[in-house]
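Novice: Pasting my_file-v9.txt here (compact mmCIF, C-alpha atoms):
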# COMPACT_ATOMS: atom_id res chain seq x y z
CA MET A 960 -3.29 -12.25 -6.36
CA LYS A 961 -4.59 -11.59 -9.86
CA SER A 962 -7.30 -14.02 -10.83
CA THR A 963 -10.01 -14.66 -13.39
CA ILE A 964 -13.15 -12.72 -12.56
CA GLN A 965 -16.28 -14.62 -11.65
CA LEU A 966 -19.07 -12.08 -11.26
CA LEU A 967 -21.04 -14.11 -8.77
CA LEU A 968 -22.63 -12.72 -5.65
CA CYS A 969 -22.08 -15.25 -2.93
CA SER A 970 -25.31 -16.44 -1.33
CA SER A 971 -23.81 -16.50 2.15
CA LEU A 972 -24.24 -12.78 2.85
CA LEU A 973 -25.47 -12.96 6.41
CA VAL A 974 -25.20 -9.51 7.90
CA ILE A 975 -24.50 -6.11 6.40
CA GLU A 976 -24.28 -3.08 8.62
CA SER A 977 -23.59 0.43 7.40
CA SER A 978 -22.51 3.65 9.06
CA GLN A 979 -22.27 6.94 7.23
CA GLY A 980 -21.64 10.57 7.92
CA HIS A 981 -18.21 10.42 9.52
CA SER A 982 -16.73 13.83 10.11
CA SER A 983 -13.57 14.28 8.09
CA ALA A 984 -12.28 16.94 10.46
CA ASN A 985 -11.41 14.55 13.27
CA LEU A 986 -10.08 11.87 10.93
CA ARG A 987 -7.39 13.88 9.22
CA GLY A 988 -3.82 13.90 10.47
CA GLN A 989 -2.48 17.21 11.67
CA GLY A 990 1.16 17.75 10.81
CA THR A 991 3.77 15.12 10.07
CA ILE A 992 4.07 13.36 13.44
CA ASP A 993 1.14 11.44 14.84
CA MET A 994 1.96 11.56 18.54
CA ASP A 995 -1.14 9.60 19.48
CA LEU A 996 0.00 6.63 17.41
CA ALA A 997 3.67 7.02 18.25
CA ALA A 998 2.84 6.84 21.94
CA GLU A 999 1.78 3.23 21.48
CA HIS A 1000 5.34 2.14 20.90
CA ASP A 1001 8.36 2.22 23.19
CA TRP A 1002 10.93 3.62 20.80
CA SER A 1003 13.76 2.84 23.25
CA GLN A 1004 13.22 -0.83 22.43
CA ASP A 1005 13.53 -0.53 18.65
CA ASP A 1006 15.81 -3.54 18.20
CA ALA A 1007 13.51 -5.95 20.00
CA ALA A 1008 10.42 -4.36 18.49
CA PHE A 1009 11.39 -5.14 14.91
CA HIS A 1010 10.06 -8.67 15.35
CA ASN A 1011 6.73 -7.32 16.56
CA PHE A 1012 6.35 -4.90 13.66
CA HIS A 1013 7.72 -6.91 10.78
CA PRO A 1014 8.88 -10.29 12.06
CA LYS A 1015 10.62 -11.20 8.83
CA TYR A 1016 14.29 -11.46 9.69
CA ILE A 1017 14.50 -15.15 10.36
CA GLU A 1018 13.00 -18.03 8.42
CA GLN A 1019 10.56 -18.99 11.14
CA GLU A 1020 9.31 -17.37 14.28
CA THR A 1021 6.67 -18.13 16.87
CA LEU A 1022 3.81 -15.65 16.57
CA ALA A 1023 0.94 -15.66 19.02
CA GLY A 1024 1.77 -19.17 20.18
CA ARG A 1025 2.28 -20.76 16.78
CA THR A 1026 5.14 -21.10 14.31
CA VAL A 1027 4.60 -19.61 10.88
CA ASP A 1028 6.66 -19.47 7.72
CA LEU A 1029 7.86 -15.92 7.19
CA ASP A 1030 9.45 -16.24 3.76
CA ALA A 1031 6.62 -14.37 2.03
CA MET A 1032 6.69 -10.61 1.54
CA PRO A 1033 4.45 -8.63 3.91
CA CYS A 1034 3.25 -6.89 0.73
CA ALA A 1035 1.62 -9.37 -1.64
CA THR A 1036 1.05 -6.91 -4.48
CA GLU A 1037 2.33 -8.45 -7.69
CA SER A 1038 4.84 -6.61 -9.85
CA PRO A 1039 3.17 -4.57 -12.60
CA THR A 1040 2.91 -6.43 -15.87
CA HIS A 1041 4.75 -5.24 -18.98
CA ASP A 1042 1.53 -3.70 -20.31
CA GLU A 1043 0.66 -2.03 -17.00
CA MET A 1044 4.08 -0.44 -16.67
CA SER A 1045 4.01 0.64 -20.31
CA LEU A 1046 0.65 2.34 -19.86
CA MET A 1047 1.73 4.09 -16.67
CA ASN A 1048 4.98 5.31 -18.23
CA LYS A 1049 3.15 6.50 -21.34
CA ALA A 1050 0.80 8.45 -19.05
CA VAL A 1051 3.81 10.23 -17.53
CA THR A 1052 5.19 11.12 -20.96
CA SER A 1053 1.84 12.43 -22.23
CA TRP A 1054 1.18 14.41 -19.05
CA LYS A 1055 4.56 16.12 -19.21
CA GLN A 1056 4.12 16.96 -22.90
CA ASP A 1057 0.79 18.66 -22.22
CA PHE A 1058 1.56 22.39 -22.16
CA ARG A 1059 -1.07 22.89 -19.44
CA ASN A 1060 1.12 20.96 -17.01
CA ARG A 1061 4.46 22.58 -17.82
CA ASN A 1062 4.19 25.41 -15.31
CA ARG A 1063 1.73 23.71 -13.03
CA ARG A 1064 2.33 23.99 -9.31
CA LEU A 1065 1.64 20.59 -7.78
CA ALA A 1066 1.33 22.18 -4.34
CA ALA A 1067 -1.75 24.04 -5.58
CA THR A 1068 -3.48 20.80 -6.58
CA SER A 1069 -5.56 18.84 -4.09
CA TYR A 1070 -7.86 15.84 -4.21
CA ASP A 1071 -9.87 14.40 -1.36
CA ILE A 1072 -10.15 10.62 -1.73
CA GLN A 1073 -13.39 9.09 -0.49
CA VAL A 1074 -12.62 5.88 1.40
CA TYR A 1075 -15.17 3.07 1.62
CA MET A 1076 -14.16 0.56 4.26
CA HIS A 1077 -15.54 -2.98 4.12
CA ILE A 1078 -15.00 -5.00 7.30
CA ILE A 1079 -15.38 -8.70 6.61
CA LYS A 1080 -16.00 -10.58 9.85
CA LYS A 1081 -15.60 -14.26 10.66
CA SER A 1082 -18.76 -14.31 12.76
CA GLN A 1083 -20.98 -11.89 14.62
CA GLN A 1084 -18.48 -12.00 17.50
CA GLU A 1085 -15.16 -12.31 15.64
CA GLY A 1086 -13.31 -10.16 13.15
CA ASP A 1087 -14.70 -6.70 13.76
CA LEU A 1088 -12.64 -3.52 13.44
CA SER A 1089 -13.12 -0.98 16.20
CA LYS A 1090 -14.00 2.64 15.50
CA ASN A 1091 -10.71 3.58 17.10
CA SER A 1092 -8.81 1.46 14.56
CA GLN A 1093 -10.86 2.94 11.72
CA ARG A 1094 -9.81 6.42 12.82
CA LYS A 1095 -6.19 5.32 13.09
CA PHE A 1096 -6.23 4.05 9.50
CA LEU A 1097 -7.48 7.43 8.27
CA ARG A 1098 -5.11 9.41 10.45
CA LYS A 1099 -2.15 7.38 9.23
CA LEU A 1100 -3.11 7.86 5.57
CA ASN A 1101 -3.48 11.62 6.00
CA ASN A 1102 -0.28 11.79 8.02
CA LYS A 1103 1.94 9.95 5.54
CA PHE A 1104 0.37 11.60 2.49
CA SER A 1105 0.53 15.11 4.01
CA ALA A 1106 3.23 16.19 1.52
CA THR A 1107 1.16 15.02 -1.47
CA PRO A 1108 -1.94 16.48 -3.19
CA PHE A 1109 -4.12 13.84 -1.51
CA THR A 1110 -6.25 13.76 1.60
CA PHE A 1111 -8.57 10.96 2.68
CA THR A 1112 -12.08 11.05 4.11
CA LEU A 1113 -13.90 8.04 5.50
CA ALA A 1114 -17.13 8.10 3.49
CA ASN A 1115 -18.72 4.88 4.74
CA VAL A 1116 -18.07 1.72 6.75
CA ASP A 1117 -19.98 -1.51 6.23
CA ARG A 1118 -19.70 -4.88 7.92
CA ILE A 1119 -20.46 -8.31 6.58
CA VAL A 1120 -20.22 -11.76 8.12
CA ASN A 1121 -18.71 -14.37 5.81
CA GLU A 1122 -16.04 -16.74 7.13
CA ASN A 1123 -14.59 -17.64 3.73
CA TRP A 1124 -14.25 -14.03 2.71
CA HIS A 1125 -12.80 -13.17 6.11
CA LEU A 1126 -10.04 -15.69 5.36
CA GLY A 1127 -9.30 -14.04 2.02
CA GLN A 1128 -11.05 -16.60 -0.17
CA ASP A 1129 -13.14 -15.80 -3.26
CA GLU A 1130 -11.65 -12.35 -3.81
CA SER A 1131 -13.67 -11.60 -6.92
CA GLY A 1132 -16.83 -12.63 -5.09
CA PHE A 1133 -16.46 -10.39 -2.06
CA LYS A 1134 -15.31 -7.44 -4.14
CA ALA A 1135 -18.18 -7.76 -6.61
CA ALA A 1136 -20.60 -7.82 -3.70
CA LEU A 1137 -19.13 -5.02 -1.59
CA ARG A 1138 -17.27 -2.51 -3.76
CA VAL A 1139 -18.54 1.00 -4.27
CA ASN A 1140 -18.29 1.88 -7.95
CA GLY A 1141 -16.06 4.71 -9.04
CA THR A 1142 -12.48 4.58 -10.24
CA ASN A 1143 -11.56 7.58 -8.09
CA VAL A 1144 -12.84 6.17 -4.79
CA LEU A 1145 -10.77 3.89 -2.58
CA ASN A 1146 -12.33 0.59 -1.51
CA VAL A 1147 -10.50 -0.91 1.47
CA TYR A 1148 -11.30 -4.50 2.43
CA VAL A 1149 -10.35 -5.34 6.02
CA LEU A 1150 -9.98 -9.06 6.75
CA ASN A 1151 -7.49 -11.70 7.92
CA THR A 1152 -4.83 -11.62 5.19
CA ASN A 1153 -2.50 -13.65 7.41
CA ALA A 1154 -4.85 -16.65 7.20
CA LYS A 1155 -4.37 -17.03 3.45
CA ALA A 1156 -0.60 -16.39 3.43
CA ALA A 1157 1.30 -16.20 6.70
CA GLY A 1158 3.15 -12.94 7.13
CA THR A 1159 1.05 -11.04 4.59
CA ILE A 1160 -0.26 -7.63 5.62
CA GLY A 1161 -1.94 -6.54 2.41
CA TYR A 1162 -2.03 -6.15 -1.36
CA SER A 1163 -3.38 -3.83 -4.02
CA TYR A 1164 -3.69 -3.27 -7.79
CA PHE A 1165 -2.26 -0.66 -10.13
CA PRO A 1166 -4.38 2.05 -11.85
CA PRO A 1167 -4.50 0.45 -15.35
CA ILE A 1168 -6.81 -2.19 -13.88
CA VAL A 1169 -9.66 0.30 -14.41
CA TYR A 1170 -9.34 -0.35 -18.16
CA SER A 1171 -9.37 -4.13 -17.82
CA GLY A 1172 -12.05 -6.74 -17.51
CA ALA A 1173 -10.78 -7.35 -13.99
CA ASN A 1174 -11.65 -3.85 -12.76
CA VAL A 1175 -13.83 -5.32 -10.02
CA LEU A 1176 -10.60 -6.26 -8.23
CA ASP A 1177 -9.54 -2.62 -7.88
CA GLY A 1178 -8.91 -1.53 -4.29
CA VAL A 1179 -6.79 -2.46 -1.29
CA VAL A 1180 -7.00 -5.56 0.88
CA ILE A 1181 -5.49 -5.07 4.34
CA MET A 1182 -5.02 -7.05 7.52
CA ASN A 1183 -7.42 -6.36 10.37
CA PRO A 1184 -5.09 -5.09 13.15
CA ASP A 1185 -7.63 -6.00 15.84
CA ILE A 1186 -7.46 -9.74 15.13
CA GLN A 1187 -5.81 -11.74 17.88
CA VAL A 1188 -4.58 -15.31 18.19
CA ASN A 1189 -4.21 -16.80 21.66
CA GLY A 1190 -4.81 -13.37 23.14
CA ALA A 1191 -2.07 -11.55 21.18
CA PRO A 1192 -2.29 -9.43 17.99
CA VAL A 1193 -0.99 -11.18 14.88
CA PHE A 1194 0.77 -7.94 13.87
CA ASN A 1195 1.54 -4.78 15.76
CA SER A 1196 -1.03 -2.19 14.70
CA LEU A 1197 1.58 0.28 13.43
CA ALA A 1198 2.87 -2.32 10.97
CA VAL A 1199 -0.64 -2.66 9.55
CA LEU A 1200 -1.32 1.08 9.52
CA ASN A 1201 1.87 1.80 7.58
CA GLY A 1202 1.16 -1.27 5.46
CA LEU A 1203 -2.06 0.42 4.32
CA VAL A 1204 -0.07 3.50 3.29
CA HIS A 1205 2.28 1.27 1.28
CA GLU A 1206 -0.61 -0.49 -0.48
CA VAL A 1207 -2.37 2.79 -1.27
CA GLY A 1208 0.91 3.86 -2.87
CA HIS A 1209 0.46 0.92 -5.26
CA TRP A 1210 -3.18 1.95 -5.81
CA PHE A 1211 -1.86 5.36 -6.92
CA GLY A 1212 0.55 3.70 -9.37
CA LEU A 1213 3.82 3.35 -7.46
CA ALA A 1214 5.83 0.16 -7.89
CA HIS A 1215 8.32 -1.05 -5.29
CA THR A 1216 11.53 0.95 -5.31
CA PHE A 1217 13.39 -2.33 -5.94
CA GLU A 1218 11.26 -3.22 -8.99
CA GLY A 1219 13.54 -4.96 -11.49
CA GLY A 1220 16.42 -5.25 -9.01
CA CYS A 1221 19.83 -4.28 -10.33
CA SER A 1222 18.65 -4.57 -13.93
CA ALA A 1223 16.05 -1.88 -13.29
CA GLN A 1224 17.66 0.73 -15.52
CA VAL A 1225 17.57 -1.48 -18.64
CA ILE A 1226 15.60 0.34 -21.34
CA ASP A 1227 12.88 -1.68 -23.02
CA GLN A 1228 12.45 -1.09 -26.78
CA TRP A 1229 8.68 -1.36 -26.54
CA LYS A 1230 7.05 -0.51 -29.87
CA GLY A 1231 10.13 1.43 -30.89
CA GLN A 1232 10.08 3.60 -27.80
CA ALA A 1233 13.37 3.78 -25.92
CA ASP A 1234 12.29 5.95 -22.98
CA TYR A 1235 10.09 3.53 -21.04
CA GLN A 1236 11.91 1.96 -18.13
CA ILE A 1237 9.63 -1.04 -18.04
CA ARG A 1238 11.69 -2.97 -15.51
CA SER A 1239 12.14 -0.22 -12.92
CA ASP A 1240 9.73 1.84 -10.83
CA GLY A 1241 10.03 4.53 -13.52
CA ILE A 1242 11.08 7.22 -11.03
CA SER A 1243 14.41 9.02 -11.25
CA ASP A 1244 14.85 9.93 -7.58
CA THR A 1245 14.57 6.37 -6.21
CA ALA A 1246 17.81 4.48 -6.80
CA ALA A 1247 17.78 0.92 -8.11
CA HIS A 1248 18.49 -1.74 -5.48
CA ALA A 1249 18.68 -5.50 -5.43
CA GLY A 1250 15.63 -6.22 -3.31
CA PRO A 1251 13.59 -5.27 -0.24
CA THR A 1252 15.78 -3.79 2.48
CA TYR A 1253 13.96 -5.60 5.29
CA ALA A 1254 15.90 -8.77 4.42
CA ARG A 1255 19.15 -7.26 5.67
CA ARG A 1256 20.31 -8.36 9.09
CA ASP A 1257 22.49 -5.36 9.90
CA GLY A 1258 21.75 -1.98 11.39
CA PHE A 1259 18.35 -2.86 12.85
CA ASN A 1260 18.53 -0.41 15.73
CA THR A 1261 19.27 2.61 13.53
CA CYS A 1262 16.69 2.03 10.77
CA TRP A 1263 19.69 2.34 8.47
CA GLN A 1264 19.65 6.13 8.79
CA ASN A 1265 23.44 6.17 9.04
CA MET A 1266 24.02 3.38 6.56
CA GLN A 1267 24.98 3.85 2.95
CA ILE A 1268 23.92 0.75 1.04
CA GLU A 1269 24.68 0.36 -2.67
CA SER A 1270 23.47 -3.14 -3.45
CA CYS A 1271 23.74 -2.46 -7.20
CA SER A 1272 27.24 -0.97 -7.16
CA GLY A 1273 29.43 -2.29 -9.96
CA VAL A 1274 26.49 -3.10 -12.25
CA ALA A 1275 26.96 -1.29 -15.57
CA GLY A 1276 24.30 1.26 -16.44
CA VAL A 1277 22.62 1.22 -13.02
CA ASP A 1278 22.06 4.27 -10.85
CA ARG A 1279 24.62 3.98 -8.07
CA GLY A 1280 22.61 5.94 -5.53
CA TYR A 1281 22.00 4.59 -2.06
CA GLU A 1282 19.06 2.35 -1.34
CA PRO A 1283 15.97 4.36 -0.30
CA VAL A 1284 15.85 2.97 3.20
CA ASP A 1285 13.39 5.66 4.29
CA ASN A 1286 10.89 5.15 1.47
CA MET A 1287 7.30 4.01 1.90
CA MET A 1288 7.55 1.90 -1.27
CA ASN A 1289 10.59 -0.05 -0.13
CA VAL A 1290 9.88 -2.90 2.30
CA ILE A 1291 11.45 -1.95 5.61
CA PRO A 1292 10.70 -2.71 9.27
CA GLY A 1293 7.63 -1.11 10.81
CA PRO A 1294 9.52 1.31 13.07
CA CYS A 1295 11.40 2.63 10.03
CA TYR A 1296 8.14 3.27 8.18
CA GLU A 1297 6.74 4.99 11.24
CA LYS A 1298 9.72 7.20 12.00
CA TYR A 1299 11.20 7.91 8.57
CA GLY A 1300 8.93 6.60 5.83
CA ARG A 1301 8.21 9.16 3.10
CA PHE A 1302 7.49 9.64 -0.59
CA THR A 1303 9.99 11.38 -2.88
CA SER A 1304 9.03 14.32 -5.09
CA GLY A 1305 9.23 12.01 -8.11
CA GLN A 1306 6.82 9.58 -6.48
CA VAL A 1307 4.41 12.40 -5.59
CA GLU A 1308 4.38 13.59 -9.19
CA ARG A 1309 3.85 10.06 -10.51
CA MET A 1310 0.94 9.44 -8.12
CA LEU A 1311 -0.76 12.63 -9.30
CA ILE A 1312 -0.27 11.73 -12.97
CA GLN A 1313 -1.61 8.21 -12.55
CA TYR A 1314 -4.58 9.40 -10.51
CA GLU A 1315 -5.59 12.05 -13.04
CA THR A 1316 -4.95 9.82 -16.06
CA PHE A 1317 -6.59 6.59 -14.93
CA ARG A 1318 -8.75 7.23 -11.92
CA LEU A 1319 -10.11 10.76 -12.26
CA ALA A 1320 -10.54 10.60 -16.05
CA ASN A 1321 -12.67 7.45 -15.75
CA ALA A 1322 -14.70 8.44 -12.69
Now, as a test, write the supplied structure out as structure tokens.

Specialist:
Amino acid sequence: MKSTIQLLLCSSLLVIESSQGHSSANLRGQGTIDMDLAAEHDWSQDDAAFHNFHPKYIEQETLAGRTVDLDAMPCATESPTHDEMSLMNKAVTSWKQDFRNRNRRLAATSYDIQVYMHIIKKSQQEGDLSKNSQRKFLRKLNNKFSATPFTFTLANVDRIVNENWHLGQDESGFKAALRVNGTNVLNVYVLNTNAKAAGTIGYSYFPPIVYSGANVLDGVVIMNPDIQVNGAPVFNSLAVLNGLVHEVGHWFGLAHTFEGGCSAQVIDQWKGQADYQIRSDGISDTAAHAGPTYARRDGFNTCWQNMQIESCSGVAGVDRGYEPVDNMMNVIPGPCYEKYGRFTSGQVERMLIQYETFRLANA
């Protein structure tokens, strides 16, 4: 998804609407279980519902009356580059060496992230996102990040009609035109990601992008859950809601838990430094594993809660812990995200460090 920046404002801006002043009180999740959202799904039908949440377990499947190729990852965020991972790992080292952070209580730290939502419509009649879905996005973010220092407030929603942008084309163009400046604010672009790459729910960029010439690309692109084909949603809304949480995790600096596969614990001798795990997610409490867990065809109806998977067992030098099948930065079926998805303490610390180092320091 990374591309050369062309700072051109497309001339086909037809309609821009704006709404401000949303109350944060009724948009924030209360507690760890969102009963309003959970009520939308019949949890007794978990096995059958996997195909509706993340229909990725067979090579092809008919969705909304058409057959699509489902080989692609639902998350289209690219792996961090060598330089990006080096910078993020160096930030962790520097932060931990700072005496001011040695006795710091993370629970006493809080940041409210201002969210600017850009709804890119196909036409005046097609591609809108309802206010109810906007609220669900914010509730889901606050719900899944409730054990972190971060809360989210919907600062503004704007709408624009541009068919090409709605289909995910000219990314640098629509971001240059719509983004709200500020490295510490979250721009969320809501469009039809499935049109550009079937099976894709969203993608994001890592914090070091704020230092690059491509900083206009910063933000999260996410599927519009209200889009329907032949009268049926392309994705179940809970898959998209939890997909946004996953992509925001990338925006905060988290790589996939399976980054680097079974070679993830190999130490890279970058500039003489032997403590940067360039090829892993850089977090000690997420075990290395061979790849995204959603690809497994066993244990669907239990969300793997009773399974002990060691896909990297027998590989010398690799953490032999079990795959993090309940982790928001793995790729797992939608019901598993909804019921069990969480961030580890190591991930929470890393998100805070990356936010303060890259996003807050450059705001």

Novice: I'd like to know which of A:Pro1108, A:Asp1177, A:Gly1250, A:Asn1143 is closest to Gln1306 (chain A), using only C-alpha atoms.

Specialist: A:Pro1108

Novice: Quick check, in Å to one decimal: how far apart do CA of Ala1035 (chain A) and CA of Asn1183 (chain A) lie?

Specialist: 15.3 Å

Novice: Hey, what's within 6 Å of Ile1181 (chain A) if we count only C-alpha atoms and toss same-chain stuff fewer than 6 positions away? As a VMD selection string, please?

Specialist: chain A and resid 1149 1160 to 1161

Novice: If you count only C-alpha atoms, which residues fall within 7 Å of Tyr1164 (chain A), apart from same-chain ones fewer than 5 positions away, as a count of residues only?

Specialist: 5

Novice: For Glu1085 (chain A), please output as JSON, numbers by chain all residues within 10 Å (counting all atoms listed in the file; exclusion window: fewer than 6 positions along the same chain).

Specialist: {"A": [1079, 1120, 1122, 1125, 1185, 1186, 1187]}

Novice: Looking at A:Ala1114, A:Lys1080, A:Arg1301, A:Ser1105, which one is nearest to Leu1150 (chain A), with distances taken over all atoms listed in the file?

Specialist: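 Ranking A:Ala1114, A:Lys1080, A:Arg1301, A:Ser1105 by distance to Leu1150 (chain A), first place goes to A:Lys1080.
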
Novice: In Å to one decimal, how far is CA of Ile1242 (chain A) from CA of Glu1308 (chain A)?

Specialist: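 Value for the CA of Glu1308 (chain A)-CA of Ile1242 (chain A) distance: 9.4 Å.
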
Novice: What is the CA of Val1188 (chain A)-CA of His1205 (chain A) distance in Å, reported with one decimal?

Specialist: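 A separation of 24.7 Å between them.
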
Novice: I need the residue nearest Ile1072 (chain A) from this list: A:Tyr1148, A:Tyr1314, A:Trp1124, A:Tyr1281. Use all atoms listed in the file for the distance.

Specialist: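 Nearest candidate to Ile1072 (chain A) out of A:Tyr1148, A:Tyr1314, A:Trp1124, A:Tyr1281: A:Tyr1314.
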
Novice: So, counting only C-alpha atoms, which residue among A:Leu1113, A:Asn1102, A:Arg1118, A:Gly1127 is closest to Lys1298 (chain A)?

Specialist: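 Distance minimum relative to Lys1298 (chain A) lands on A:Asn1102.
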
Novice: If we count all atoms listed in the file, what is near Met1182 (chain A) at a cut-off of 12 Å, once residues fewer than 3 positions away on the same chain are taken out, given as a ChimeraX atom specification?

Specialist: /A:1033-1035,1077-1080,1086-1088,1092,1096,1125-1127,1147-1162,1179,1185-1187,1192-1203,1206

Novice: For Phe1211 (chain A), which residue out of A:Leu1065, A:Leu1100, A:Val1307, A:Ala1173 is the nearest one, using only C-alpha atoms?

Specialist: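 Between A:Leu1065, A:Leu1100, A:Val1307, A:Ala1173, the residue approaching Phe1211 (chain A) most closely is A:Val1307.
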
Novice: Show me, as a list in words, the residues that have an atom within 7 Å of His1248 (chain A) when counting all atoms listed in the file, minus same-chain residues fewer than 2 positions from it.

Specialist: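 Surrounding residues, per the criterion: Phe1217, Gly1220, Cys1221, Ala1246, Gly1250, Ser1270, Cys1271 and Glu1282 of chain A.
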
Novice: Ranking A:Gly1293, A:Gly1190, A:Pro1283, A:Gly1241 by minimum distance to Glu1218 (chain A) and counting all atoms listed in the file, which one comes first?

Specialist: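 Smallest separation from Glu1218 (chain A) among the options: A:Gly1241.
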